[in-house]
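**Q** File input15.txt follows (compact mmCIF, C-alpha atoms):
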# COMPACT_ATOMS: atom_id res chain seq x y z
CA MET A 222 11.79 -72.42 38.76
CA PRO A 223 11.53 -70.55 35.49
CA GLY A 224 14.42 -70.47 33.08
CA GLN A 225 16.43 -67.28 32.92
CA ALA A 226 17.84 -65.27 30.03
CA ASP A 227 19.23 -61.84 29.41
CA VAL A 228 16.90 -61.41 26.45
CA VAL A 229 13.86 -63.28 25.18
CA VAL A 230 13.05 -62.73 21.52
CA ILE A 231 9.46 -63.52 20.55
CA GLY A 232 9.43 -64.75 16.97
CA ALA A 233 12.08 -66.43 14.77
CA GLY A 234 11.36 -64.50 11.60
CA VAL A 235 14.16 -62.54 9.97
CA ALA A 236 13.91 -59.66 12.46
CA GLY A 237 13.99 -62.03 15.42
CA LEU A 238 16.90 -64.07 14.08
CA VAL A 239 18.98 -60.97 13.35
CA THR A 240 18.23 -59.58 16.82
CA ALA A 241 19.25 -62.88 18.42
CA ARG A 242 22.44 -63.11 16.39
CA GLU A 243 23.55 -59.57 17.15
CA LEU A 244 22.86 -59.85 20.88
CA GLY A 245 24.38 -63.31 21.19
CA ARG A 246 27.56 -62.10 19.52
CA ARG A 247 27.75 -59.38 22.16
CA GLY A 248 27.63 -61.95 24.94
CA ALA A 249 23.96 -61.87 25.93
CA LYS A 250 22.15 -65.08 26.84
CA VAL A 251 19.29 -65.14 24.32
CA VAL A 252 16.22 -67.38 24.13
CA VAL A 253 14.06 -67.22 20.98
CA LEU A 254 10.45 -68.38 21.26
CA GLU A 255 8.85 -69.28 17.92
CA ALA A 256 5.21 -70.41 17.70
CA ARG A 257 5.68 -72.23 14.40
CA ASP A 258 7.62 -75.46 13.87
CA ARG A 259 10.07 -73.63 11.60
CA ILE A 260 12.11 -70.46 11.48
CA GLY A 261 11.59 -67.67 8.96
CA GLY A 262 8.19 -66.19 9.81
CA ARG A 263 6.72 -64.61 6.69
CA THR A 264 9.69 -65.82 4.65
CA TRP A 265 9.25 -69.52 3.92
CA THR A 266 10.79 -71.64 1.18
CA ASP A 267 8.67 -74.77 0.70
CA HIS A 268 9.03 -77.58 -1.84
CA ARG A 269 5.86 -77.68 -3.92
CA LEU A 270 4.91 -78.21 -7.54
CA GLY A 271 8.32 -79.80 -8.11
CA ARG A 272 10.27 -76.66 -7.14
CA ASP A 273 11.43 -74.80 -4.09
CA LEU A 274 8.89 -71.98 -3.94
CA GLU A 275 8.64 -68.87 -1.79
CA MET A 276 5.36 -68.86 0.08
CA GLY A 277 6.05 -65.41 1.47
CA GLY A 278 8.81 -62.79 1.18
CA THR A 279 10.93 -63.31 -1.91
CA TRP A 280 12.64 -60.46 -3.72
CA VAL A 281 15.92 -58.76 -2.92
CA HIS A 282 18.09 -56.17 -4.64
CA TRP A 283 21.44 -54.43 -4.26
CA VAL A 284 19.67 -51.11 -3.53
CA GLN A 285 18.35 -52.75 -0.35
CA PRO A 286 21.36 -52.12 1.87
CA HIS A 287 20.68 -54.38 4.83
CA VAL A 288 19.74 -57.55 2.98
CA TRP A 289 22.54 -57.03 0.46
CA ALA A 290 25.04 -56.84 3.32
CA GLU A 291 23.72 -60.20 4.58
CA ILE A 292 23.89 -61.73 1.10
CA THR A 293 27.51 -60.59 0.88
CA ARG A 294 28.27 -61.74 4.42
CA TYR A 295 27.13 -65.31 3.77
CA GLY A 296 28.23 -65.57 0.15
CA LEU A 297 24.72 -66.17 -1.16
CA GLU A 298 23.82 -65.97 -4.83
CA ILE A 299 20.83 -64.40 -6.53
CA THR A 300 18.93 -65.33 -9.66
CA ARG A 301 15.80 -64.21 -11.46
CA GLY A 302 12.89 -65.69 -13.32
CA PRO A 303 12.90 -65.97 -17.12
CA ARG A 304 12.54 -62.72 -19.04
CA SER A 305 9.04 -62.12 -20.34
CA GLU A 306 8.55 -62.74 -24.07
CA GLU A 307 4.86 -61.83 -24.07
CA THR A 308 2.78 -59.45 -21.97
CA TYR A 309 -1.00 -59.29 -21.64
CA TRP A 310 -3.09 -56.51 -20.11
CA LEU A 311 -6.67 -55.32 -20.11
CA ALA A 312 -8.34 -52.21 -21.45
CA GLY A 313 -11.80 -52.55 -19.98
CA ASP A 314 -12.69 -56.13 -20.92
CA GLN A 315 -10.44 -56.17 -23.98
CA VAL A 316 -7.19 -58.12 -23.80
CA ARG A 317 -4.17 -56.29 -25.18
CA ARG A 318 -0.99 -58.11 -26.10
CA GLY A 319 2.54 -56.83 -26.60
CA THR A 320 5.94 -56.80 -24.95
CA LEU A 321 6.82 -55.94 -21.38
CA ASP A 322 8.41 -52.76 -22.70
CA ASP A 323 5.06 -51.87 -24.30
CA PHE A 324 3.36 -52.23 -20.94
CA MET A 325 6.03 -50.22 -19.14
CA ARG A 326 5.66 -47.42 -21.68
CA LEU A 327 1.90 -47.51 -21.10
CA ILE A 328 2.18 -47.00 -17.35
CA ASP A 329 5.12 -44.59 -17.46
CA PRO A 330 3.15 -41.30 -17.74
CA GLY A 331 0.83 -42.23 -14.89
CA MET A 332 3.63 -43.52 -12.68
CA THR A 333 5.73 -40.44 -13.37
CA ARG A 334 2.93 -38.01 -12.54
CA LEU A 335 1.82 -39.99 -9.48
CA LEU A 336 5.31 -40.06 -7.99
CA GLU A 337 6.83 -36.79 -9.19
CA ASP A 338 6.82 -35.26 -5.69
CA THR A 339 8.34 -38.30 -3.98
CA MET A 340 11.58 -36.64 -2.89
CA LYS A 341 9.73 -33.51 -1.80
CA TRP A 342 7.73 -35.48 0.76
CA ILE A 343 10.30 -38.14 1.71
CA PRO A 344 13.75 -36.76 0.88
CA ARG A 345 15.43 -39.23 3.24
CA PRO A 346 13.83 -42.67 3.31
CA ASN A 347 15.93 -43.63 6.32
CA ALA A 348 14.03 -40.89 8.20
CA PRO A 349 10.57 -40.99 6.61
CA LEU A 350 9.03 -38.40 8.93
CA THR A 351 11.53 -35.63 8.19
CA VAL A 352 9.04 -33.34 6.42
CA PRO A 353 6.73 -31.77 9.07
CA ARG A 354 3.72 -31.53 6.73
CA LEU A 355 3.83 -35.15 5.58
CA ALA A 356 0.45 -35.66 7.27
CA ASP A 357 -1.03 -33.45 4.52
CA VAL A 358 -0.51 -36.25 1.99
CA ASP A 359 -0.72 -39.17 4.43
CA GLN A 360 -4.49 -38.59 4.56
CA PHE A 361 -4.92 -39.80 0.96
CA ASN A 362 -5.28 -43.33 -0.33
CA LEU A 363 -3.57 -44.48 -3.51
CA GLN A 364 -6.84 -44.87 -5.43
CA GLU A 365 -7.71 -41.21 -4.85
CA MET A 366 -4.37 -40.11 -6.20
CA LEU A 367 -4.65 -42.33 -9.26
CA ASP A 368 -8.18 -41.11 -9.95
CA ASP A 369 -6.96 -37.50 -9.87
CA LEU A 370 -4.70 -38.26 -12.83
CA GLU A 371 -7.74 -38.88 -15.08
CA LEU A 372 -5.96 -41.60 -17.06
CA SER A 373 -7.37 -43.34 -20.10
CA ILE A 374 -9.03 -46.69 -19.40
CA ASP A 375 -5.94 -48.53 -20.72
CA GLU A 376 -3.60 -46.52 -18.51
CA ARG A 377 -5.86 -46.67 -15.47
CA ASN A 378 -6.27 -50.45 -15.55
CA ALA A 379 -2.57 -50.95 -16.18
CA ASN A 380 -1.44 -48.64 -13.38
CA GLU A 381 -3.93 -50.09 -10.92
CA ALA A 382 -2.88 -53.65 -11.73
CA ALA A 383 0.79 -52.78 -11.31
CA TRP A 384 0.12 -51.27 -7.89
CA VAL A 385 -2.02 -54.22 -6.77
CA GLY A 386 0.94 -56.42 -7.61
CA HIS A 387 3.15 -54.23 -5.44
CA PHE A 388 0.74 -53.60 -2.58
CA ASN A 389 -1.34 -56.79 -2.34
CA ALA A 390 -4.45 -54.88 -1.32
CA PRO A 391 -7.44 -52.86 -2.58
CA LEU A 392 -5.92 -49.52 -3.53
CA ASP A 393 -8.57 -47.47 -1.72
CA GLN A 394 -7.20 -48.94 1.52
CA CYS A 395 -3.53 -48.19 0.77
CA ALA A 396 -1.82 -45.02 1.95
CA TYR A 397 -0.39 -42.89 -0.84
CA THR A 398 2.64 -42.44 1.40
CA SER A 399 3.38 -46.17 1.03
CA ALA A 400 3.95 -45.56 -2.68
CA LEU A 401 6.13 -42.57 -1.84
CA ARG A 402 8.20 -44.60 0.64
CA TRP A 403 8.91 -47.38 -1.85
CA THR A 404 9.94 -44.88 -4.51
CA ALA A 405 11.98 -42.75 -2.11
CA ALA A 406 14.00 -45.89 -1.34
CA THR A 407 15.14 -45.82 -4.98
CA ALA A 408 15.83 -42.06 -5.01
CA GLY A 409 12.59 -41.26 -6.82
CA SER A 410 12.93 -43.73 -9.71
CA TRP A 411 9.76 -45.77 -10.18
CA HIS A 412 11.53 -47.98 -12.75
CA LEU A 413 14.19 -48.94 -10.20
CA MET A 414 11.54 -49.36 -7.51
CA HIS A 415 9.70 -51.80 -9.77
CA GLU A 416 12.88 -53.78 -10.38
CA ALA A 417 13.99 -53.73 -6.74
CA SER A 418 10.67 -55.07 -5.46
CA ALA A 419 9.86 -57.80 -7.95
CA ILE A 420 12.71 -59.31 -9.97
CA PHE A 421 15.69 -60.87 -8.16
CA ARG A 422 15.53 -63.72 -5.65
CA LEU A 423 17.96 -65.90 -3.71
CA THR A 424 19.19 -68.91 -5.70
CA GLY A 425 18.97 -71.09 -2.60
CA GLY A 426 15.67 -69.56 -1.52
CA THR A 427 15.05 -67.37 1.48
CA ARG A 428 15.71 -70.55 3.46
CA SER A 429 19.42 -70.12 2.66
CA LEU A 430 19.42 -66.71 4.34
CA THR A 431 17.38 -67.59 7.43
CA GLU A 432 19.35 -70.79 8.01
CA ALA A 433 22.64 -68.92 7.70
CA ILE A 434 21.55 -66.29 10.23
CA ALA A 435 20.22 -68.94 12.64
CA ALA A 436 23.42 -70.99 12.39
CA ASP A 437 25.41 -67.84 13.20
CA ALA A 438 23.26 -66.97 16.21
CA GLU A 439 24.51 -67.97 19.65
CA ALA A 440 20.95 -68.35 20.90
CA ASP A 441 18.57 -70.99 22.20
CA ILE A 442 15.90 -71.15 19.48
CA ARG A 443 12.78 -72.99 20.67
CA LEU A 444 10.23 -73.97 18.02
CA SER A 445 6.55 -74.81 18.58
CA ALA A 446 6.71 -72.46 21.56
CA PRO A 447 3.82 -69.98 21.27
CA VAL A 448 3.78 -67.26 23.91
CA ARG A 449 0.75 -67.49 26.20
CA SER A 450 1.33 -64.46 28.43
CA LEU A 451 3.91 -61.82 29.30
CA THR A 452 4.16 -59.75 32.45
CA HIS A 453 6.72 -56.97 32.81
CA ASP A 454 7.94 -54.29 35.19
CA ALA A 455 10.91 -51.96 35.41
CA HIS A 456 13.29 -54.80 36.19
CA GLY A 457 12.39 -57.46 33.67
CA ALA A 458 9.68 -59.76 32.37
CA GLU A 459 8.28 -63.24 32.75
CA ILE A 460 6.98 -65.09 29.70
CA THR A 461 4.76 -68.14 29.75
CA TYR A 462 4.87 -70.23 26.60
CA GLY A 463 4.04 -73.62 25.13
CA ASP A 464 2.45 -75.98 27.64
CA GLY A 465 2.99 -73.73 30.64
CA HIS A 466 6.78 -73.27 30.54
CA THR A 467 8.13 -69.98 31.83
CA VAL A 468 11.28 -67.95 31.26
CA THR A 469 12.37 -64.66 32.79
CA ALA A 470 14.46 -62.04 31.06
CA ARG A 471 15.94 -58.61 31.64
CA ARG A 472 14.68 -57.49 28.23
CA VAL A 473 12.14 -58.81 25.70
CA VAL A 474 12.12 -58.17 21.96
CA ILE A 475 8.70 -58.67 20.35
CA THR A 476 8.81 -59.28 16.60
CA VAL A 477 5.25 -60.32 15.78
CA PRO A 478 3.51 -58.63 12.81
CA GLN A 479 1.55 -55.43 13.42
CA ASN A 480 -1.85 -57.12 13.05
CA LEU A 481 -1.04 -59.61 15.84
CA LEU A 482 0.37 -57.31 18.48
CA HIS A 483 -2.93 -56.44 20.17
CA GLN A 484 -3.71 -60.15 20.58
CA LEU A 485 -0.77 -60.83 22.88
CA ASP A 486 -1.61 -61.17 26.58
CA ILE A 487 0.70 -58.49 27.99
CA THR A 488 0.45 -57.03 31.51
CA PRO A 489 0.60 -54.07 31.96
CA ALA A 490 -1.00 -53.40 28.59
CA LEU A 491 0.88 -51.76 25.76
CA PRO A 492 0.29 -48.05 25.03
CA ASP A 493 -2.25 -46.86 22.47
CA GLY A 494 0.44 -45.96 19.95
CA LYS A 495 1.15 -49.67 19.57
CA LEU A 496 -2.31 -51.14 20.08
CA ARG A 497 -4.27 -48.80 17.82
CA PRO A 498 -2.43 -49.57 14.55
CA SER A 499 -2.70 -53.26 15.40
CA LEU A 500 -6.44 -52.96 15.91
CA GLU A 501 -6.83 -50.88 12.74
CA LYS A 502 -4.73 -53.44 10.83
CA THR A 503 -2.57 -52.99 7.78
CA ALA A 504 -4.02 -52.42 4.32
CA SER A 505 -2.32 -55.51 2.85
CA ARG A 506 -4.67 -58.48 2.70
CA GLY A 507 -3.95 -60.14 -0.61
CA ALA A 508 -3.22 -63.54 -2.09
CA LYS A 509 -0.11 -65.11 -3.58
CA ALA A 510 -0.56 -68.22 -5.73
CA TRP A 511 1.86 -70.60 -7.37
CA ILE A 512 0.57 -72.32 -10.49
CA ARG A 513 2.11 -75.18 -12.50
CA VAL A 514 0.89 -75.31 -16.09
CA ARG A 515 1.59 -77.69 -18.93
CA GLY A 516 4.43 -76.65 -21.23
CA PRO A 517 6.11 -75.67 -23.28
CA ILE A 518 5.04 -72.03 -23.02
CA LYS A 519 6.81 -68.74 -23.58
CA PRO A 520 7.57 -66.78 -20.43
CA PHE A 521 4.92 -64.10 -19.98
CA PHE A 522 3.60 -61.30 -17.77
CA ALA A 523 -0.12 -60.58 -17.41
CA TYR A 524 -1.93 -57.70 -15.73
CA SER A 525 -5.70 -57.40 -15.28
CA SER A 526 -7.21 -55.00 -12.72
CA GLN A 527 -7.95 -54.86 -9.03
CA ALA A 528 -11.51 -55.97 -9.79
CA HIS A 529 -10.18 -59.43 -10.70
CA PRO A 530 -9.20 -62.11 -8.17
CA LEU A 531 -5.71 -62.26 -9.69
CA ALA A 532 -4.33 -58.92 -10.84
CA VAL A 533 -0.79 -59.96 -11.82
CA VAL A 534 0.61 -63.25 -13.14
CA ARG A 535 4.08 -64.02 -14.41
CA THR A 536 6.34 -66.94 -15.26
CA GLU A 537 8.94 -67.77 -12.62
CA PHE A 538 10.22 -71.21 -13.72
CA ILE A 539 10.39 -72.85 -17.16
CA GLY A 540 10.79 -76.60 -17.56
CA GLU A 541 10.87 -78.86 -20.60
CA ASP A 542 7.23 -79.83 -20.30
CA ASP A 543 5.86 -77.45 -17.68
CA ALA A 544 6.15 -73.95 -16.27
CA VAL A 545 5.46 -72.46 -12.85
CA LEU A 546 3.73 -69.10 -12.56
CA VAL A 547 3.40 -66.78 -9.59
CA ALA A 548 0.27 -64.66 -9.21
CA PHE A 549 -1.03 -61.96 -6.86
CA GLY A 550 -4.51 -60.74 -6.04
CA PRO A 551 -5.77 -57.85 -3.87
CA ASP A 552 -7.97 -59.81 -1.46
CA ALA A 553 -7.31 -63.30 -0.05
CA THR A 554 -11.03 -63.84 0.58
CA ARG A 555 -11.79 -63.62 -3.15
CA ILE A 556 -9.75 -66.63 -4.29
CA ASP A 557 -8.55 -69.89 -2.78
CA VAL A 558 -4.93 -70.20 -3.84
CA ASN A 559 -5.13 -73.98 -3.36
CA ASP A 560 -8.19 -74.47 -5.61
CA PRO A 561 -7.12 -75.41 -9.19
CA ARG A 562 -10.54 -74.59 -10.66
CA ALA A 563 -10.59 -71.10 -9.15
CA ILE A 564 -7.06 -70.43 -10.39
CA ASP A 565 -7.90 -71.78 -13.85
CA ALA A 566 -10.93 -69.47 -14.08
CA ALA A 567 -8.81 -66.48 -13.02
CA LEU A 568 -6.19 -67.18 -15.70
CA LYS A 569 -8.85 -67.24 -18.41
CA VAL A 570 -9.20 -63.48 -18.02
CA TRP A 571 -6.14 -63.26 -20.30
CA ARG A 572 -5.82 -66.59 -22.08
CA ASP A 573 -7.61 -69.91 -22.39
CA ASP A 574 -4.69 -71.97 -23.69
CA LEU A 575 -3.09 -72.71 -20.29
CA GLU A 576 -3.67 -76.11 -18.71
CA VAL A 577 -3.42 -75.89 -14.94
CA LEU A 578 -1.74 -78.99 -13.49
CA GLU A 579 -1.23 -78.04 -9.84
CA VAL A 580 -1.56 -75.01 -7.62
CA GLY A 581 -0.28 -74.05 -4.21
CA GLY A 582 0.04 -71.18 -1.80
CA HIS A 583 -0.37 -70.09 1.78
CA ASP A 584 -3.18 -67.95 3.14
CA TRP A 585 -1.22 -65.53 5.29
CA MET A 586 -4.39 -63.69 6.30
CA ALA A 587 -5.78 -66.88 7.87
CA ASP A 588 -2.43 -67.83 9.41
CA PRO A 589 -2.81 -67.27 13.18
CA TYR A 590 0.81 -66.17 13.47
CA SER A 591 0.75 -63.53 10.72
CA GLN A 592 -2.78 -62.36 9.80
CA GLU A 593 -1.20 -60.07 7.19
CA THR A 594 1.04 -60.27 4.16
CA TRP A 595 3.76 -57.64 3.75
CA LEU A 596 3.26 -54.23 5.31
CA ILE A 597 1.27 -51.65 3.41
CA GLN A 598 -0.15 -48.97 5.68
CA GLN A 599 -3.55 -47.38 5.63
CA PRO A 600 -3.84 -43.58 5.36
CA HIS A 601 -2.67 -41.72 8.49
CA GLN A 602 -0.85 -44.71 9.97
CA LEU A 603 2.66 -43.62 9.02
CA THR A 604 2.45 -40.15 10.54
CA ARG A 605 0.32 -41.16 13.53
CA TYR A 606 2.06 -44.32 14.66
CA HIS A 607 5.49 -44.91 13.12
CA ARG A 608 7.52 -43.35 15.93
CA ALA A 609 5.42 -45.02 18.63
CA GLN A 610 5.72 -48.41 16.95
CA GLN A 611 9.52 -48.20 17.06
CA GLU A 612 9.78 -47.04 20.68
CA ASN A 613 10.40 -49.42 23.54
CA THR A 614 7.91 -49.80 26.39
CA GLY A 615 10.07 -50.17 29.46
CA VAL A 616 11.93 -53.49 29.12
CA LEU A 617 9.93 -54.41 26.00
CA HIS A 618 11.44 -53.65 22.59
CA PHE A 619 9.86 -54.09 19.16
CA ALA A 620 11.53 -55.27 15.96
CA SER A 621 9.71 -56.04 12.72
CA SER A 622 9.87 -55.31 9.04
CA ASP A 623 6.57 -53.54 9.71
CA TYR A 624 8.46 -50.91 11.72
CA ALA A 625 11.44 -50.38 9.40
CA ASN A 626 12.36 -46.99 7.96
CA ILE A 627 13.60 -47.66 4.44
CA TRP A 628 12.17 -50.91 3.04
CA ALA A 629 9.27 -51.52 5.42
CA GLY A 630 7.54 -54.78 4.58
CA PHE A 631 10.62 -56.28 2.91
CA ILE A 632 13.27 -58.72 4.13
CA ASP A 633 15.61 -55.73 4.13
CA GLY A 634 13.32 -53.92 6.56
CA ALA A 635 13.32 -56.87 8.95
CA ILE A 636 17.12 -56.87 9.02
CA GLU A 637 17.23 -53.10 9.51
CA SER A 638 14.80 -53.27 12.42
CA GLY A 639 16.44 -56.26 14.10
CA THR A 640 19.87 -54.66 13.85
CA ARG A 641 18.68 -51.36 15.31
CA VAL A 642 16.79 -52.94 18.20
CA ALA A 643 19.66 -55.28 19.07
CA ARG A 644 21.94 -52.26 19.38
CA GLU A 645 19.43 -50.51 21.66
CA VAL A 646 18.93 -53.58 23.85
CA HIS A 647 22.68 -54.14 24.16
CA ARG A 648 23.08 -50.53 25.29
CA ASP A 649 20.31 -50.91 27.87
CA LEU A 650 21.83 -54.09 29.27
CA GLN A 651 25.12 -52.38 30.10
CA PRO A 652 25.75 -51.28 33.71
CA SER A 653 24.48 -47.72 34.23
CA GLY A 654 23.37 -47.62 30.60
CA GLY A 655 27.02 -47.45 29.44
Go through the file and emit its structure as structure tokens.
**A**
Amino acid sequence: MPGQADVVVIGAGVAGLVTARELGRRGAKVVVLEARDRIGGRTWTDHRLGRDLEMGGTWVHWVQPHVWAEITRYGLEITRGPRSEETYWLAGDQVRRGTLDDFMRLIDPGMTRLLEDTMKWIPRPNAPLTVPRLADVDQFNLQEMLDDLELSIDERNANEAAWVGHFNAPLDQCAYTSALRWTAATAGSWHLMHEASAIFRLTGGTRSLTEAIAADAEADIRLSAPVRSLTHDAHGAEITYGDGHTVTARRVVITVPQNLLHQLDITPALPDGKLRPSLEKTASRGAKAWIRVRGPIKPFFAYSSQAHPLAVVRTEFIGEDDAVLVAFGPDATRIDVNDPRAIDAALKVWRDDLEVLEVGGHDWMADPYSQETWLIQQPHQLTRYHRAQQENTGVLHFASSDYANIWAGFIDGAIESGTRVAREVHRDLQPSGG
């Protein structure tokens, strides 16, 4: 006989854990099926290079309402990396050197012009589709919009590198509306958007947050339990997982990333509004590398361009005789984040005085349970699919940072989505929908 539950949650990432916690607290019997041997999904604190490092999602901020509520709820603390004392950037093939303020002043005119209509198109980030003609701008990619600004070579390289750091993808694949959504979340301020998306992190790592949520969840969390198939009808669903185990449920919450959804064996099949964006895939496809170098060094920032395998590098930890850097590139196929020689060659774009001691990272694009980094949409995807991605399909519900309204692609977005879906599922489980 199969096991029985009120709700099965597929995936123990942040969205899945929040969904399980909220439903369990309301009295539902919840089973969480997680394919990996750990919780957290695309947030993962791992001990490497002598530090606890974030392999995936990292940064939080008090303008992110859902994650900040969780940080307050569990009494977690935040910290930040060392402040940059030197900044390097490229003008063509020429290395420029100055302060971080110099670089920010360089990109300010381009950023301001690029984003000046943010609140016109997305006046309410919690309802990103409010403006009926949003599709008029959703057709454009970010590269097109940057090119229209006709920036100097210094400004163009600098702005492109900054956006590659944010978006983790080739800019000609990224929807311009993704830039608008991020900036709308900070009321149109690109400076605050930059800070909110890249500076502050949890002192105890994202592990401290996911473990706190899991410990608070009255749910049966089963690890190393990949879902093999799911059949559903108007009354419930049956899920086969692991080595042939089955569990039935009145409702199912699917929290897998957008790129994976079409690969699930679901009968009857999901509607086009869910399958098509999964088949098209997200724009984000980049690399994140951690690099330990010999010290002492001054904390620094470095920006190159999207033509380079690493577009952004900065110091995150300073020790007495070493330092640990974090770096991002637009395309995971262009650099092996676990190859010291490849990383060393990429760093020499800016400076040849760094001695690489160790490197580490995780290829999320090759990970069978993610196949994407954080959500950045392609042109048209927001206006064509966002509503359909959030809707339930009968007894199947969908929660993911990929489907969030305000901070899609962030930890905050995962919490927003999990909270919303848990409320909807709880409502549906009540007698007569009450």
**Q** Might you pull out every residue within 6 Å of Trp585 (chain A), with only C-alpha atoms counted and same-chain residues fewer than 4 positions away left off, and present them as a list in words?
**A**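 In the requested form, the answer reads Gln592, Glu593 and Thr594 of chain A.
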**Q** Now that the selection is made, can you save its residues with C-alpha atoms as a PDB file, in the coordinates of the input?
**A**
ATOM      1  CA  GLN A 592      -2.780 -62.360   9.800  1.00  0.00           C
ATOM      2  CA  GLU A 593      -1.200 -60.070   7.190  1.00  0.00           C
ATOM      3  CA  THR A 594       1.040 -60.270   4.160  1.00  0.00           C
TER       4      THR A 594
END
**Q** If you measure from CA of Ser622 (chain A) to CA of Thr427 (chain A), what distance in Å do you get, rounded to one decimal?
**A** 15.1 Å
**Q** Dump as a Markdown table the rows for residues of region 396-450 of chain A within 12 Å of region 503-527 of chain A: closest atom pair and distance in Å with one decimal, all atoms listed in the file counted, ordered by chain and rising residue number.
**A**
| residue | atom | partner | partner_atom | distance |
| --- | --- | --- | --- | --- |
| A:Ala396 | CA | A:Ala504 | CA | 8.1 |
| A:Tyr397 | CA | A:Ala504 | CA | 11.4 |
| A:Ser399 | CA | A:Ala504 | CA | 10.2 |
**Q** With distances taken over all atoms listed in the file, which residue among A:Asp584, A:Asp454, A:Glu459, A:Glu381 lies nearest Val533 (chain A)?
**A**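 Using all atoms listed in the file, Val533 (chain A) sits closest to A:Glu381.
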**Q** Output as a Markdown table one row per residue of region 476-591 of chain A within 10 Å of region 253-268 of chain A: the closest atom pair and its distance in Å to one decimal place, counting only C-alpha atoms, sorted by chain and residue number ascending.
**A**
| residue | atom | partner | partner_atom | distance |
| --- | --- | --- | --- | --- |
| A:Thr476 | CA | A:Gly262 | CA | 9.7 |
| A:Val477 | CA | A:Gly262 | CA | 8.9 |
| A:Pro478 | CA | A:Arg263 | CA | 9.1 |
| A:Gly582 | CA | A:Asp267 | CA | 9.7 |
| A:His583 | CA | A:Trp265 | CA | 9.9 |
| A:Trp585 | CA | A:Arg263 | CA | 8.1 |
| A:Pro589 | CA | A:Ala256 | CA | 9.7 |
| A:Tyr590 | CA | A:Ala256 | CA | 7.4 |
| A:Ser591 | CA | A:Arg263 | CA | 7.3 |
**Q** Using all atoms listed in the file and a cutoff of 12 Å, can you tell me which residues are near (-2.5, -35.1, 3.2) in the file's coordinates, and write them out as a PDB file with C-alpha atoms, in the frame of the given file?
**A**
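See selection-v4.pdb below for the written result:
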ATOM      1  CA  TRP A 342       7.730 -35.480   0.760  1.00  0.00           C
ATOM      2  CA  PRO A 353       6.730 -31.770   9.070  1.00  0.00           C
ATOM      3  CA  ARG A 354       3.720 -31.530   6.730  1.00  0.00           C
ATOM      4  CA  LEU A 355       3.830 -35.150   5.580  1.00  0.00           C
ATOM      5  CA  ALA A 356       0.450 -35.660   7.270  1.00  0.00           C
ATOM      6  CA  ASP A 357      -1.030 -33.450   4.520  1.00  0.00           C
ATOM      7  CA  VAL A 358      -0.510 -36.250   1.990  1.00  0.00           C
ATOM      8  CA  ASP A 359      -0.720 -39.170   4.430  1.00  0.00           C
ATOM      9  CA  GLN A 360      -4.490 -38.590   4.560  1.00  0.00           C
ATOM     10  CA  PHE A 361      -4.920 -39.800   0.960  1.00  0.00           C
ATOM     11  CA  ASN A 362      -5.280 -43.330  -0.330  1.00  0.00           C
ATOM     12  CA  LEU A 363      -3.570 -44.480  -3.510  1.00  0.00           C
ATOM     13  CA  GLU A 365      -7.710 -41.210  -4.850  1.00  0.00           C
ATOM     14  CA  MET A 366      -4.370 -40.110  -6.200  1.00  0.00           C
ATOM     15  CA  ALA A 396      -1.820 -45.020   1.950  1.00  0.00           C
ATOM     16  CA  TYR A 397      -0.390 -42.890  -0.840  1.00  0.00           C
ATOM     17  CA  THR A 398       2.640 -42.440   1.400  1.00  0.00           C
ATOM     18  CA  PRO A 600      -3.840 -43.580   5.360  1.00  0.00           C
ATOM     19  CA  HIS A 601      -2.670 -41.720   8.490  1.00  0.00           C
ATOM     20  CA  GLN A 602      -0.850 -44.710   9.970  1.00  0.00           C
ATOM     21  CA  LEU A 603       2.660 -43.620   9.020  1.00  0.00           C
ATOM     22  CA  THR A 604       2.450 -40.150  10.540  1.00  0.00           C
TER      23      THR A 604
END
**Q** In Å, with one decimal, what is the gap from CA of Ala438 (chain A) to CA of Gly296 (chain A)?
**A**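 Between CA of Ala438 (chain A) and CA of Gly296 (chain A) the gap works out to 16.9 Å.
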